[in-house]
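Take a look at the structure below.
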2 protein chains.
Amino acid sequence: MAIDNPYYTSEFHGEYDLISIGPFDLEEGGSIPDLHLAVTTFGTLNEARDNAILVTTWYSGSHQIFRDVYIGPGHALDPDRWFIVVVNQIGNGLSTSPHNASGANAGIAMSRFPHVRIGDDVVAQEKLLREHFGIESPALVVGGSMGAQQTYEWMVRFPGKVRRAAPIAGTAQNTPHDFLYTQALIEAITSDPGFKDGEYSSNADVEAGLKRHAGIWAVMGFSTEFWKQELWRALDFGSREEFMAGFLEPYFTQMDPNDLLCMAWKWQRGDVARHTGGDLAEALGRNEAVTRIIPINEDMFFPVRDHEAELELTPHATIRVIDDLLGHLALFGVAPTYIGQVDQYLAELLSEKPL
Amino acid sequence: MAIDNPYYTSEFHGEYDLISIGPFDLEEGGSIPDLHLAVTTFGTLNEARDNAILVTTWYSGSHQIFRDVYIGPGHALDPDRWFIVVVNQIGNGLSTSPHNASGANAGIAMSRFPHVRIGDDVVAQEKLLREHFGIESPALVVGGSMGAQQTYEWMVRFPGKVRRAAPIAGTAQNTPHDFLYTQALIEAITSDPGFKDGEYSSNADVEAGLKRHAGIWAVMGFSTEFWKQELWRALDFGSREEFMAGFLEPYFTQMDPNDLLCMAWKWQRGDVARHTGGDLAEALGRNEAVTRIIPINEDMFFPVRDHEAELELTPHATIRVIDDLLGHLALFGVAPTYIGQVDQYLAELLSEKPL
């Protein structure tokens, strides 16, 4: 049975639409009886329907960070010029997810939620764009972390459709190290006796596990230098302990454990080489989008060299490295120098002619 | 009450001596009624008593890895020339530790074991060398990781005594990031219901927590590239899962949880600036040993730049970086190219005249 969680509301995520795309069969064999995608749009679709940008979301994230940090006049993602569609990933708590599966989806609530793959998100997004908005070919697909996984999936699954692509801080094929990292996150949650194999009655029952999950994020999500230089002071905390107790722990403890686990399972298995019998070079070789691969230099678990290895295999791609001591969670846009770099790299890409 | 654990025996650690240094008061205010240090020696002390090398141990380690990998004819740590004393750190399961505290120490067994600091180890080692072996001034103090913390503590606490020093893959002042990393390790153990606040009846009761602890080590102990290049194949495993289940998990699950926690607490608080009211520059400025600071280039949690920052503050020190894709756990000496680098840097140091 679905449970209430006030975090997954407009109070925390601003306005968004819930759009049904109907029954949805999943790669792993399960299905979602009535898949709803939580969507926000910015700007206006032009008559040629060729000014659409698709933005994908990351683990634990939603559209809201894009509204707050990435999208707006003066940014590369400028609603005056582009029609920007942010689609929340399946399982993120706003789109159909374990904790909110009700009505037609009541049979897959909580621990019964089926496994979802990156490919499912991308197929659902393509259908949404085409059927709901009449968009055949986005001018750009862009996302960070798991959003980068979705971006790569677009490049390989729908090579004729994606005109430009910008995976930020994420890889086309999840690395063994990231599998292990995500496994540690998963086990922090599932080992909590309050988790009850996914049949808890409130996320509060799993608070201890979610706090440990936050503690592991603290080690990997930021860089060693973030902690050494006490960059959390930029967020007005007086100590590391206050930052953990006032920011990183509540950030995660308000979330739903099954939703996080749905995303974590998906993250672990992101791999475009599923389309080519395991041949990553052949998969990435399909790309027809003008592409910017955009790592963050201090990222502990999507390091630059992992991006460089995929760059070698990706036609039409160049690399631009974001300089940010926050590491992976630079994606939050806390450093004042962050968004300017993203804007520069995306504006540069958007100014280039697609193939 | 102390418990039996067959891991902490000569079967796994070869021959060693247990040497009592008597009642021992600790920096944090507790005391050990009869502190035993587990010690191995190699070679012969010369008449001048000036050929002694002290080797300190790391988290979860013992003297045995030094016997297996670091010490022997042809190595820098050559028993034909040097009298090498390896002292197991307090709490490591061989020296007096939570799980083995019995007899005079029965009152501090298990959860009642007092907090121990790096400084306690070093004071105990100095006493052992002086009173038991008649050694006033070691020709070299060397250790990796927590062994490096002890080496720095020697440099700052006994600057007139240490003639040469070689901290490997460890820092003089533990970093905030490493505190958080160690905290995640601690919580993996203490969150196991079988831990029972430290009063379990066997380490097997805490197997799930110890496995999670191993899983977090997998993420940080090796480099991202270790996993990507499948370097575990060098240890004859056929898959990542087999390597975890056959090597890293059993490595830790055989150990005692309270012993690991004793060391983890100590590691978190390693800081030579305790001698100088928090002034790290003043503390390291006391060093009178000819020093090699030896980081490992792929270390995820003792990165090279943290060593470089302390190098700046340490007189008589130069830096040599070990090139090893294994990351921090390169210390195990699995890569055939590892020990040659250590030998070269230590031989170079041992050939230099002390001040």
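By order of appearance in the structure tokens: chains A, B, ..., then residues from 1 within every chain, and ligands from 1 in the order shown.
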Got a sec: who's within 12 Å of Gly107 (chain A), counting only C-alpha atoms, leaving out chain neighbours fewer than 2 positions off, as a ChimeraX atom specification?
/A:1-2,30-34,98-105,109-114
Please produce a file of those selected residues containing C-alpha atoms, as a PDB file, in the first residue's frame.
```pdb
ATOM      1  CA  MET A   1       0.000   0.000   0.000  1.00  0.00           C
ATOM      2  CA  ALA A   2       1.309   3.427  -0.928  1.00  0.00           C
ATOM      3  CA  GLY A  30       7.640  -6.282 -14.887  1.00  0.00           C
ATOM      4  CA  SER A  31       5.203  -3.576 -15.829  1.00  0.00           C
ATOM      5  CA  ILE A  32       3.673  -0.398 -14.470  1.00  0.00           C
ATOM      6  CA  PRO A  33      -0.101  -0.421 -15.034  1.00  0.00           C
ATOM      7  CA  ASP A  34      -0.352   3.356 -15.411  1.00  0.00           C
ATOM      8  CA  PRO A  98       7.316   2.603  -4.899  1.00  0.00           C
ATOM      9  CA  HIS A  99       6.011   4.878  -2.149  1.00  0.00           C
ATOM     10  CA  ASN A 100       3.295   6.564  -4.245  1.00  0.00           C
ATOM     11  CA  ALA A 101       2.052   3.625  -6.322  1.00  0.00           C
ATOM     12  CA  SER A 102      -1.717   3.730  -5.817  1.00  0.00           C
ATOM     13  CA  GLY A 103      -4.916   3.491  -7.849  1.00  0.00           C
ATOM     14  CA  ALA A 104      -4.142   1.369 -10.888  1.00  0.00           C
ATOM     15  CA  ASN A 105      -0.584   0.974  -9.565  1.00  0.00           C
ATOM     16  CA  ALA A 109       3.484  -0.405  -4.148  1.00  0.00           C
ATOM     17  CA  MET A 110       6.494  -0.491  -1.837  1.00  0.00           C
ATOM     18  CA  SER A 111       8.465  -3.744  -1.892  1.00  0.00           C
ATOM     19  CA  ARG A 112       6.487  -5.027  -4.878  1.00  0.00           C
ATOM     20  CA  PHE A 113       7.710  -2.283  -7.198  1.00  0.00           C
ATOM     21  CA  PRO A 114       9.384  -3.857 -10.220  1.00  0.00           C
TER      22      PRO A 114
END
```
May I have the residues within 10 Å of Asn5 (chain B) as JSON, numbers by chain, using only C-alpha atoms and disregarding those fewer than 4 positions away in the same chain?
{"B": [9, 93, 99, 100, 202, 203, 204, 254, 255, 256]}
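Backbone DSSP assigns strand (DSSP E or B) in region 45-270 of chain B to Ala52, Ile53, Leu54, Val55, Thr56, Ile71, Leu77, Phe83, Ile84, Val85, Val86, Val87, Leu140, Val141, Val142, Gly143, Gly144, Arg164, Ala165, Ala166, Pro167, Ile168 and Gln173 of chain B.
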Output the selection as a JSON list (two decimals), in the first residue's frame - C-alpha atoms for each residue.
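File written: part_37.json
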```
[["chain", "number", "residue", "atom", "x", "y", "z"],
["B", 52, "ALA", "CA", 67.24, -0.35, 15.45],
["B", 53, "ILE", "CA", 64.29, 0.25, 13.18],
["B", 54, "LEU", "CA", 60.80, 0.57, 14.63],
["B", 55, "VAL", "CA", 57.91, -0.52, 12.42],
["B", 56, "THR", "CA", 54.38, 0.47, 13.41],
["B", 71, "ILE", "CA", 61.34, -7.33, 5.75],
["B", 77, "LEU", "CA", 64.47, -3.48, 5.91],
["B", 83, "PHE", "CA", 67.50, -4.78, 14.16],
["B", 84, "ILE", "CA", 63.89, -4.41, 13.19],
["B", 85, "VAL", "CA", 61.19, -4.26, 15.84],
["B", 86, "VAL", "CA", 57.57, -4.45, 14.72],
["B", 87, "VAL", "CA", 55.15, -3.40, 17.45],
["B", 140, "LEU", "CA", 64.29, 4.80, 11.54],
["B", 141, "VAL", "CA", 60.61, 4.81, 12.42],
["B", 142, "VAL", "CA", 58.43, 3.65, 9.56],
["B", 143, "GLY", "CA", 54.80, 2.67, 9.15],
["B", 144, "GLY", "CA", 51.88, 2.93, 6.77],
["B", 164, "ARG", "CA", 64.97, 8.99, 10.33],
["B", 165, "ALA", "CA", 61.26, 8.75, 9.66],
["B", 166, "ALA", "CA", 59.15, 7.41, 6.83],
["B", 167, "PRO", "CA", 55.41, 7.90, 7.09],
["B", 168, "ILE", "CA", 53.79, 5.97, 4.24],
["B", 173, "GLN", "CA", 46.76, 15.33, 11.33]]
```
Determine, for each residue of chain B having at least one atom at most 12 Å from an atom of chain A, the closest pair of atoms and their separation in Å to one decimal, counting only C-alpha atoms; order by chain and ascending number, as a tab-separated table.
```
residue	atom	partner	partner_atom	distance
B:Gln173	CA	A:Lys228	CA	11.1
B:Asn174	CA	A:Lys228	CA	10.1
B:Thr175	CA	A:Lys228	CA	6.5
B:Pro176	CA	A:Trp227	CA	5.7
B:His177	CA	A:Thr224	CA	5.4
B:Asp178	CA	A:Val219	CA	8.0
B:Phe179	CA	A:Val219	CA	9.2
B:Leu180	CA	A:Val219	CA	6.1
B:Tyr181	CA	A:Val219	CA	5.6
B:Thr182	CA	A:Val219	CA	9.3
B:Gln183	CA	A:Gly215	CA	7.9
B:Ala184	CA	A:Gly215	CA	6.1
B:Leu185	CA	A:Ile216	CA	9.2
B:Ile186	CA	A:Arg212	CA	10.3
B:Glu187	CA	A:Arg212	CA	7.1
B:Ala188	CA	A:Ala188	CA	7.6
B:Ile189	CA	A:Ala188	CA	10.9
B:Thr190	CA	A:Arg212	CA	11.1
B:Ser191	CA	A:Asp192	CA	7.8
B:Asp192	CA	A:Ser191	CA	7.8
B:Pro193	CA	A:Pro193	CA	8.3
B:Gly194	CA	A:Pro193	CA	11.6
B:Ala208	CA	A:Ser191	CA	8.5
B:Gly209	CA	A:Ser191	CA	8.6
B:Lys211	CA	A:Glu187	CA	10.0
B:Arg212	CA	A:Ala184	CA	6.9
B:His213	CA	A:Ala184	CA	8.9
B:Ala214	CA	A:Ala184	CA	9.5
B:Gly215	CA	A:Ala184	CA	6.1
B:Ile216	CA	A:Ala184	CA	6.1
B:Trp217	CA	A:Ala184	CA	9.7
B:Ala218	CA	A:Leu180	CA	7.1
B:Val219	CA	A:Tyr181	CA	5.6
B:Met220	CA	A:Met220	CA	8.6
B:Gly221	CA	A:His177	CA	11.0
B:Phe222	CA	A:His177	CA	9.0
B:Ser223	CA	A:His177	CA	8.1
B:Thr224	CA	A:His177	CA	5.4
B:Glu225	CA	A:His177	CA	8.0
B:Phe226	CA	A:His177	CA	8.4
B:Trp227	CA	A:His177	CA	5.7
B:Lys228	CA	A:Pro176	CA	5.9
B:Gln229	CA	A:Pro176	CA	9.3
B:Glu230	CA	A:Pro176	CA	8.8
B:Leu231	CA	A:Pro176	CA	11.7
B:Trp232	CA	A:Pro176	CA	11.9
B:Ser239	CA	A:Pro176	CA	10.9
B:Arg240	CA	A:Pro176	CA	8.3
B:Glu241	CA	A:Leu180	CA	10.1
B:Met244	CA	A:Leu180	CA	10.2
B:Glu298	CA	A:Met300	CA	11.6
B:Asp299	CA	A:Thr224	CA	11.3
B:Met300	CA	A:Met300	CA	8.1
B:Phe301	CA	A:Thr224	CA	7.3
B:Phe302	CA	A:Thr224	CA	8.9
B:Pro303	CA	A:Thr224	CA	8.2
B:Val304	CA	A:Thr224	CA	11.1
B:Arg305	CA	A:Glu225	CA	9.2
B:Asp306	CA	A:Glu225	CA	8.8
B:Ala309	CA	A:Lys228	CA	11.1
```
Residue subset to file, keeping C-alpha atoms, as a JSON list (two decimals), in the first residue's frame:
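Wrote it out as part.json, contents follow:
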```
[["chain", "number", "residue", "atom", "x", "y", "z"],
["B", 173, "GLN", "CA", 46.76, 15.33, 11.33],
["B", 174, "ASN", "CA", 43.79, 13.22, 10.34],
["B", 175, "THR", "CA", 41.67, 14.97, 7.74],
["B", 176, "PRO", "CA", 37.96, 15.74, 8.13],
["B", 177, "HIS", "CA", 37.28, 13.49, 5.15],
["B", 178, "ASP", "CA", 39.05, 10.59, 6.80],
["B", 179, "PHE", "CA", 37.11, 11.19, 9.99],
["B", 180, "LEU", "CA", 33.89, 10.81, 8.00],
["B", 181, "TYR", "CA", 35.18, 7.76, 6.19],
["B", 182, "THR", "CA", 36.13, 6.10, 9.45],
["B", 183, "GLN", "CA", 32.77, 7.09, 10.91],
["B", 184, "ALA", "CA", 31.02, 5.24, 8.08],
["B", 185, "LEU", "CA", 33.15, 2.18, 8.90],
["B", 186, "ILE", "CA", 32.28, 2.46, 12.58],
["B", 187, "GLU", "CA", 28.57, 2.76, 11.92],
["B", 188, "ALA", "CA", 28.56, -0.23, 9.58],
["B", 189, "ILE", "CA", 29.64, -2.28, 12.60],
["B", 190, "THR", "CA", 27.76, -0.66, 15.47],
["B", 191, "SER", "CA", 24.44, -0.64, 13.57],
["B", 192, "ASP", "CA", 24.42, -4.44, 13.42],
["B", 193, "PRO", "CA", 21.87, -5.62, 16.02],
["B", 194, "GLY", "CA", 24.29, -8.48, 16.76],
["B", 208, "ALA", "CA", 26.58, -8.64, 8.59],
["B", 209, "GLY", "CA", 28.05, -5.42, 9.98],
["B", 211, "LYS", "CA", 30.61, -7.37, 5.71],
["B", 212, "ARG", "CA", 29.19, -3.89, 5.25],
["B", 213, "HIS", "CA", 32.41, -2.56, 6.75],
["B", 214, "ALA", "CA", 34.29, -4.59, 4.09],
["B", 215, "GLY", "CA", 31.98, -3.19, 1.43],
["B", 216, "ILE", "CA", 32.86, 0.39, 2.37],
["B", 217, "TRP", "CA", 36.54, -0.53, 2.33],
["B", 218, "ALA", "CA", 36.01, -1.84, -1.19],
["B", 219, "VAL", "CA", 34.85, 1.62, -2.27],
["B", 220, "MET", "CA", 37.64, 3.60, -0.63],
["B", 221, "GLY", "CA", 40.49, 1.17, 0.00],
["B", 222, "PHE", "CA", 41.16, 0.49, -3.65],
["B", 223, "SER", "CA", 41.17, 2.97, -6.50],
["B", 224, "THR", "CA", 38.38, 3.29, -9.07],
["B", 225, "GLU", "CA", 40.89, 1.97, -11.60],
["B", 226, "PHE", "CA", 41.67, -1.13, -9.53],
["B", 227, "TRP", "CA", 38.08, -2.20, -10.07],
["B", 228, "LYS", "CA", 37.87, -1.08, -13.67],
["B", 229, "GLN", "CA", 41.02, -2.95, -14.68],
["B", 230, "GLU", "CA", 39.97, -5.96, -12.58],
["B", 231, "LEU", "CA", 43.32, -6.03, -10.83],
["B", 232, "TRP", "CA", 41.85, -8.49, -8.33],
["B", 239, "SER", "CA", 34.96, -12.23, -10.63],
["B", 240, "ARG", "CA", 34.52, -9.15, -8.49],
["B", 241, "GLU", "CA", 31.92, -10.99, -6.44],
["B", 244, "MET", "CA", 34.70, -9.75, -2.28],
["B", 298, "GLU", "CA", 46.00, 6.41, -6.29],
["B", 299, "ASP", "CA", 45.12, 6.62, -2.59],
["B", 300, "MET", "CA", 41.46, 7.68, -2.32],
["B", 301, "PHE", "CA", 41.54, 8.85, 1.30],
["B", 302, "PHE", "CA", 45.16, 9.79, 1.97],
["B", 303, "PRO", "CA", 45.62, 11.63, -1.33],
["B", 304, "VAL", "CA", 48.99, 12.96, -2.39],
["B", 305, "ARG", "CA", 48.00, 16.58, -1.86],
["B", 306, "ASP", "CA", 47.30, 15.96, 1.83],
["B", 309, "ALA", "CA", 50.47, 20.04, 2.54]]
```
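CA of Met146 (chain B) lies 6.3 Å from CA of Trp267 (chain B).
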Set the distance at 12 Å and use only C-alpha atoms: which residues neighbour region 148-150 of chain A once local chain neighbours fewer than 4 positions away are removed? I'd like the list as a ChimeraX atom specification.
/A:54-59,87-90,117-126,141-144,154-158,165-175,263,266-273,291-295,302,307,331
